[in-house]
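Heads up: the structure comes next, in structure tokens.
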Amino acid sequence: MNSTETVSAKTRTLLIVLLIASTMFGIGYAQEKNPVALQEAWYDCHMSDQKIGFAHFKIEKAEYLSKECYKFSDEMTLKVQTDESHVMEIKNRSVSLVDMNFYPIRITKTEINAGQAKNSDISVSGDEITFKITLNDEKPEITTIKKEPDLFPGIDGFILKAKDLLKVGAETSLRSLSPETKSIRTETVKILKEEKIKVGQEEIDTYYTESTNSEMPGEIMQVNVDKDGCVVLMKMAGIEIRRTNKTKAKKMTKTATISSYINTNANIAAFYAIGQMKLTITFRERFDDVIPANEYQDVVQDKEKYSITLKAIPDGIKNPVQPPAGDEAFKKYLNSSVKIQSKDAAIVAQAKAIVKDERDALKTTNLLCEWVFQNLKKERGAVAEKSAAETLRDKAGDCTEHAILLCALGRASGLPIRQISGLVFDGSRFGYHAWTEVYLGRWIPVDATLNRVGIPAGYIKLGEAEEGEKENNTTGLKISKMMGNVTIEITSARDKDNKSIDLSGKKKE
């Protein structure tokens with residue numbers, strides 16, 4: 001297996017992160033203490049000094065069910081070419097209707113990714129808030145939660161202005177609805193100082209703010225809003241959105257190229273047999289706590305550098321056990337979702353056909369991993385993240401589809417299993433990658449793309465990528481911080497017999 005067959009890059013993860021970030025802080029305009037009128041603005045989107053797209057935001061008055069309301073609209077188009085020459089384009093549009101006190105009435109959101117449409121429809125009725133999520137024309141996933149008081153569409157300059165909070169020293173926390181996690185999150189903003197920002201030839205007086213939300217703890221979004229509450233500049237995790245005019249925003253003269261790989265100084269032919277690897281990851285722009293210490297890796301951070309020891313994780317579980325029945329910590333890893341449809345009739349039937357009468361959890365894991373590896377055509381650079389049902393129908397996909405289908409088949413077979421994101425070494429470089437972990441008395445990594453139950457040293461785990469979970473947002477932001485911002489130097493490697501491996505590919509005693 002050569003290096004180009006080993007890893008499928010997930011650049012789209014970064015683009016999804018940008019879409020999430022872009023909707024966290026809207027655009028607003030108000031006069032005096034009573035919000036009135038209507039504002040729209042256009043923006044350039046940049047990453048790694050390259051333009052990757054544009055955004056358009058607008059607020060206007062509207063009517064819904066014969067009642068006056070505010071309509072918050074935003075749309076974004078992103079276009080990136082990977083180093084595999086695949087051009088990916090994502091379009092996102094959302095509309096939030098709120099009453100005259102800013103309480104959400106209905107939120108609709110559509111994300112179109114390589115022809116795949118994910119639609120979210122959130123409605124408030126009576127004492128309930130209903131989330132309806134649909135992928136293409138598949139059966140929608142419906143989640144209902146209890147209606148709560150004092151909800152807002154988000155921390156928006158429009159709302160801050162209306163609440164007379166747009167002034168230095170002000171700090172406020174608001175609760176808002178999250179289409180991503182189908183829940184209520186808490187958002188906090190601090191207005192720290194006044195600052196001039198240049199837009200074209202004009203210098204604009206702004207308030208510099210820092211905002212956080214409970215879905216991405218520790219992550220700070222830096223936002224400058226003008227005196228009317230309209231966003232001028234937003235920065236987060238190496239991503240920048242800057243106000244401009246419509247003509248400049250929509251002008252895309254060159255498609256940005258984002259590398260999906262990180263080259264190293266090493267060339268190790270038998271990379272699948274590495275028992276231990278030591279390396280240094282250096283960030284050009286410092287970000288703390290991007291690479292966590294966990295069962296895959298020992299980590300020491302010193303300024304811009306991470307010193308890491310990667311460890312092989314074998315499948316050696318004797319008499320694997322399942323978690324206690326009803327354990328809430330494992331419940332979500334057995335649940336069906338809009339993409340991991342473990343209760344879908346075709347998924348259930350396929351899982352039974354593969355597992356048959358096998359009752360041993362480790363043997364079941366090996367059977368499922370082998371089947372996914374053997375039966376899915378490897379599609380490098382696939383853009384849209386297919387659901388498990390779509391992947392089973394198409395029998396094709398990249399690393400994410402392999403992981404999602406294995407999750408669905410595993411859950412249908414009674415195995416607690418979760419999706420993981422990070423990087424994996426292919427002998428000369430690291431690529432962004434997705435795999436799974438199955439609970440067999442402890443969490444064991446399983447990579448259906450490479451048919452591995454247990455892994456060699458060479459996997460860097462950044463975190464879980466569970467759909468609709470807070471951890472997914474955090475992991476996605478870690479990837480965005482690394483892309484185009486790091487170098488990796490491997491300092492030593494040893495095989496599973498603890499013998500030194502020459503980094504030029506030769507084995508030595």
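So you can find residues: chains in the structure tokens are A, B, ... in the order shown, residues in each start at 1, and ligands are numbered from 1 in order.
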Could you write out, as a ChimeraX atom specification, all the residues of segment 183-253 of chain A that DSSP marks as strand (DSSP E or B)?
/A:183-199,202-213,221-226,231-236,239-244
Would you mind writing down, as a VMD selection string, each residue of segment 202-392 of chain A that DSSP on the backbone assigns to alpha helix (DSSP H)?
chain A and resid 246 to 250 328 to 331 345 to 355 361 to 375 388 to 392
re atom CA of Ala493 of chain A and atom CA of Gly427 of chain A: distance 11.4 Å
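Candidate residues A:Leu367, A:Val438, A:Leu135, A:Val223 were compared for distance to Tyr333 of chain A, and the nearest is A:Val438, using only C-alpha atoms.
Computed from the coordinates, the atom CA of Pro140 of chain A to atom CA of Ile420 of chain A distance equals 24.6 Å.
For the choices A:Arg393, A:Lys61, A:Lys254, A:Lys352, the atom-to-atom distance to Leu409 of chain A is smallest for A:Lys352 when using only C-alpha atoms.
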Nearest to Asn485 of chain A among A:Lys378, A:Arg284, A:Lys331, A:Lys356, with distances taken over only C-alpha atoms: which residue is it?
A:Arg284
Would you kindly return, as a ChimeraX atom specification, each protein, DNA or RNA residue with an atom no farther than 9 Å from any atom of segment 298-304 of chain A, considering only C-alpha atoms and excluding same-chain residues fewer than 6 positions away?
/A:281-289,291-292,310-311
Take the selection from the previous step and output its residues with C-alpha atoms, as a CSV table (one decimal), in the first residue's frame.
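Everything below was put into again-v3.csv:
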chain,number,residue,atom,x,y,z
A,281,ILE,CA,4.9,19.6,16.3
A,282,THR,CA,5.6,23.3,15.9
A,283,PHE,CA,2.9,25.9,15.4
A,284,ARG,CA,3.6,29.1,13.5
A,285,GLU,CA,0.8,30.8,15.3
A,286,ARG,CA,0.5,29.7,18.9
A,287,PHE,CA,-2.6,27.8,20.0
A,288,ASP,CA,-2.8,26.1,23.4
A,289,ASP,CA,-4.4,22.7,24.2
A,291,ILE,CA,-3.3,18.3,21.0
A,292,PRO,CA,-4.5,16.6,24.2
A,310,LEU,CA,2.8,8.2,20.2
A,311,LYS,CA,2.0,4.6,21.3
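Residue neighbourhood of Glu68 of chain A, excluding near-sequence residues (fewer than 5 positions): Glu60, Lys61, Ala62, Glu63, Leu97, Val98, Asp99, Met100, Asn101, Phe102 and Ile105 of chain A, at 12 Å, using only C-alpha atoms.
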Neighbour list for segment 371-377 of chain A as a VMD selection string, cut-off 9 Å, only C-alpha atoms, skip fewer than 5 positions in-chain
chain A and resid 354 366 391 to 392 394 to 398 401 to 403 405 to 406 447 to 451
Can you spit out the residues from that selection as a short mmCIF file (atom, residue, chain, number, x, y, z; two decimals), in the first residue's frame, using all heavy atoms?
data_model
loop_
_atom_site.label_atom_id
_atom_site.label_comp_id
_atom_site.auth_asym_id
_atom_site.auth_seq_id
_atom_site.Cartn_x
_atom_site.Cartn_y
_atom_site.Cartn_z
N ILE A 354 -23.55 -9.96 8.58
CA ILE A 354 -22.11 -10.01 8.83
C ILE A 354 -21.80 -10.76 10.11
O ILE A 354 -20.93 -11.64 10.15
CB ILE A 354 -21.54 -8.57 8.93
CG1 ILE A 354 -21.73 -7.81 7.62
CG2 ILE A 354 -20.05 -8.61 9.31
CD1 ILE A 354 -21.49 -6.31 7.74
N ASN A 366 -14.05 -7.32 14.71
CA ASN A 366 -13.20 -7.71 13.58
C ASN A 366 -14.02 -8.04 12.34
O ASN A 366 -13.65 -7.65 11.23
CB ASN A 366 -12.33 -8.91 13.97
CG ASN A 366 -11.07 -8.52 14.70
OD1 ASN A 366 -10.10 -8.08 14.09
ND2 ASN A 366 -11.08 -8.67 16.02
N THR A 391 -24.05 5.46 2.42
CA THR A 391 -22.78 4.77 2.19
C THR A 391 -23.02 3.29 1.90
O THR A 391 -22.39 2.70 1.02
CB THR A 391 -21.86 4.93 3.41
OG1 THR A 391 -21.63 6.32 3.65
CG2 THR A 391 -20.52 4.25 3.17
N LEU A 392 -23.95 2.69 2.65
CA LEU A 392 -24.27 1.28 2.41
C LEU A 392 -24.85 1.09 1.02
O LEU A 392 -24.52 0.11 0.32
CB LEU A 392 -25.24 0.77 3.47
CG LEU A 392 -25.62 -0.71 3.39
CD1 LEU A 392 -24.39 -1.60 3.54
CD2 LEU A 392 -26.67 -1.05 4.45
N ASP A 394 -24.31 3.09 -1.66
CA ASP A 394 -23.31 3.41 -2.68
C ASP A 394 -22.11 2.48 -2.65
O ASP A 394 -21.37 2.38 -3.64
CB ASP A 394 -22.82 4.85 -2.51
CG ASP A 394 -23.92 5.87 -2.71
OD1 ASP A 394 -24.99 5.50 -3.24
OD2 ASP A 394 -23.71 7.04 -2.34
N LYS A 395 -21.87 1.85 -1.51
CA LYS A 395 -20.69 0.99 -1.31
C LYS A 395 -19.40 1.75 -1.66
O LYS A 395 -18.48 1.19 -2.29
CB LYS A 395 -20.79 -0.27 -2.16
CG LYS A 395 -21.94 -1.21 -1.80
CD LYS A 395 -21.76 -1.86 -0.45
CE LYS A 395 -22.70 -3.04 -0.25
NZ LYS A 395 -24.12 -2.72 -0.40
N ALA A 396 -19.33 3.02 -1.26
CA ALA A 396 -18.16 3.82 -1.58
C ALA A 396 -18.05 4.97 -0.59
O ALA A 396 -19.05 5.45 -0.05
CB ALA A 396 -18.22 4.36 -3.01
N GLY A 397 -16.81 5.44 -0.38
CA GLY A 397 -16.61 6.59 0.49
C GLY A 397 -15.17 6.70 0.92
O GLY A 397 -14.34 5.81 0.67
N ASP A 398 -14.85 7.82 1.57
CA ASP A 398 -13.50 7.99 2.09
C ASP A 398 -13.50 7.61 3.57
O ASP A 398 -14.37 6.90 4.04
CB ASP A 398 -12.98 9.40 1.82
CG ASP A 398 -13.81 10.48 2.48
OD1 ASP A 398 -14.60 10.18 3.39
OD2 ASP A 398 -13.65 11.66 2.10
N GLU A 401 -16.76 8.18 5.66
CA GLU A 401 -17.83 7.24 5.36
C GLU A 401 -17.54 5.85 5.93
O GLU A 401 -18.45 5.16 6.41
CB GLU A 401 -18.06 7.15 3.85
CG GLU A 401 -18.84 8.30 3.26
CD GLU A 401 -18.05 9.60 3.21
OE1 GLU A 401 -16.86 9.57 2.84
OE2 GLU A 401 -18.61 10.64 3.55
N HIS A 402 -16.27 5.43 5.88
CA HIS A 402 -15.91 4.15 6.50
C HIS A 402 -16.23 4.18 7.99
O HIS A 402 -16.79 3.22 8.54
CB HIS A 402 -14.41 3.87 6.30
CG HIS A 402 -14.05 3.35 4.94
ND1 HIS A 402 -14.14 4.12 3.80
CD2 HIS A 402 -13.61 2.13 4.54
CE1 HIS A 402 -13.75 3.40 2.75
NE2 HIS A 402 -13.43 2.19 3.18
N ALA A 403 -15.89 5.29 8.65
CA ALA A 403 -16.11 5.39 10.09
C ALA A 403 -17.60 5.45 10.42
O ALA A 403 -18.08 4.79 11.35
CB ALA A 403 -15.40 6.62 10.64
N LEU A 405 -20.20 4.34 8.62
CA LEU A 405 -20.87 3.06 8.38
C LEU A 405 -20.50 2.05 9.46
O LEU A 405 -21.37 1.31 9.95
CB LEU A 405 -20.51 2.52 7.00
CG LEU A 405 -21.17 1.18 6.63
CD1 LEU A 405 -22.70 1.27 6.73
CD2 LEU A 405 -20.75 0.73 5.23
N LEU A 406 -19.22 2.01 9.86
CA LEU A 406 -18.84 1.08 10.91
C LEU A 406 -19.55 1.42 12.22
O LEU A 406 -19.98 0.52 12.96
CB LEU A 406 -17.32 1.11 11.12
CG LEU A 406 -16.78 0.12 12.15
CD1 LEU A 406 -17.14 -1.31 11.79
CD2 LEU A 406 -15.27 0.27 12.32
N ASP A 447 -9.92 1.14 12.73
CA ASP A 447 -9.83 1.94 11.51
C ASP A 447 -10.26 1.07 10.33
O ASP A 447 -9.49 0.28 9.79
CB ASP A 447 -8.39 2.42 11.31
CG ASP A 447 -8.24 3.41 10.17
OD1 ASP A 447 -9.18 3.52 9.36
OD2 ASP A 447 -7.19 4.07 10.08
N ALA A 448 -11.53 1.24 9.92
CA ALA A 448 -12.05 0.42 8.83
C ALA A 448 -11.45 0.80 7.48
O ALA A 448 -11.43 -0.02 6.56
CB ALA A 448 -13.57 0.54 8.76
N THR A 449 -10.96 2.04 7.33
CA THR A 449 -10.32 2.44 6.07
C THR A 449 -9.09 1.59 5.81
O THR A 449 -8.76 1.27 4.66
CB THR A 449 -9.91 3.92 6.13
OG1 THR A 449 -11.03 4.70 6.54
CG2 THR A 449 -9.43 4.41 4.77
N LEU A 450 -8.36 1.20 6.88
CA LEU A 450 -7.12 0.44 6.76
C LEU A 450 -7.24 -0.96 7.35
O LEU A 450 -6.24 -1.67 7.46
CB LEU A 450 -5.98 1.20 7.44
CG LEU A 450 -5.71 2.61 6.87
CD1 LEU A 450 -4.68 3.34 7.71
CD2 LEU A 450 -5.25 2.51 5.43
N ASN A 451 -8.45 -1.35 7.75
CA ASN A 451 -8.70 -2.68 8.31
C ASN A 451 -7.83 -2.96 9.53
O ASN A 451 -7.12 -3.96 9.60
CB ASN A 451 -8.49 -3.77 7.25
CG ASN A 451 -9.15 -5.09 7.65
OD1 ASN A 451 -10.05 -5.11 8.48
ND2 ASN A 451 -8.69 -6.18 7.05
#
Neighbour list for segment 199-211 of chain A as a VMD selection string, cut-off 8 Å, only C-alpha atoms, skip fewer than 5 positions in-chain
chain A and resid 166 to 168 187 to 194 220 to 227 232 243 to 244
So, counting only C-alpha atoms, which residue among A:Arg442, A:Glu128, A:Glu138, A:Cys230 is closest to Gln39 of chain A?
A:Cys230
Counting only C-alpha atoms, what is within 10 Å of Lys251 of chain A, bar same-chain residues fewer than 2 positions away, as number ranges by chain?
A: 44, 51, 53-54, 246-249, 253-254
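Distances from A:Thr400, A:Gln116, A:Thr110, A:Thr172 to Ile340 of chain A were compared using only C-alpha atoms, and the smallest one belongs to A:Thr400.
Interatomic distance, atom CA of Asn92 of chain A to atom CA of Cys69 of chain A: 22.7 Å.
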Which one is closest to Ser173 of chain A: A:Glu195, A:Asp327, A:Asp150, A:Asp121? Count only C-alpha atoms.
A:Asp150
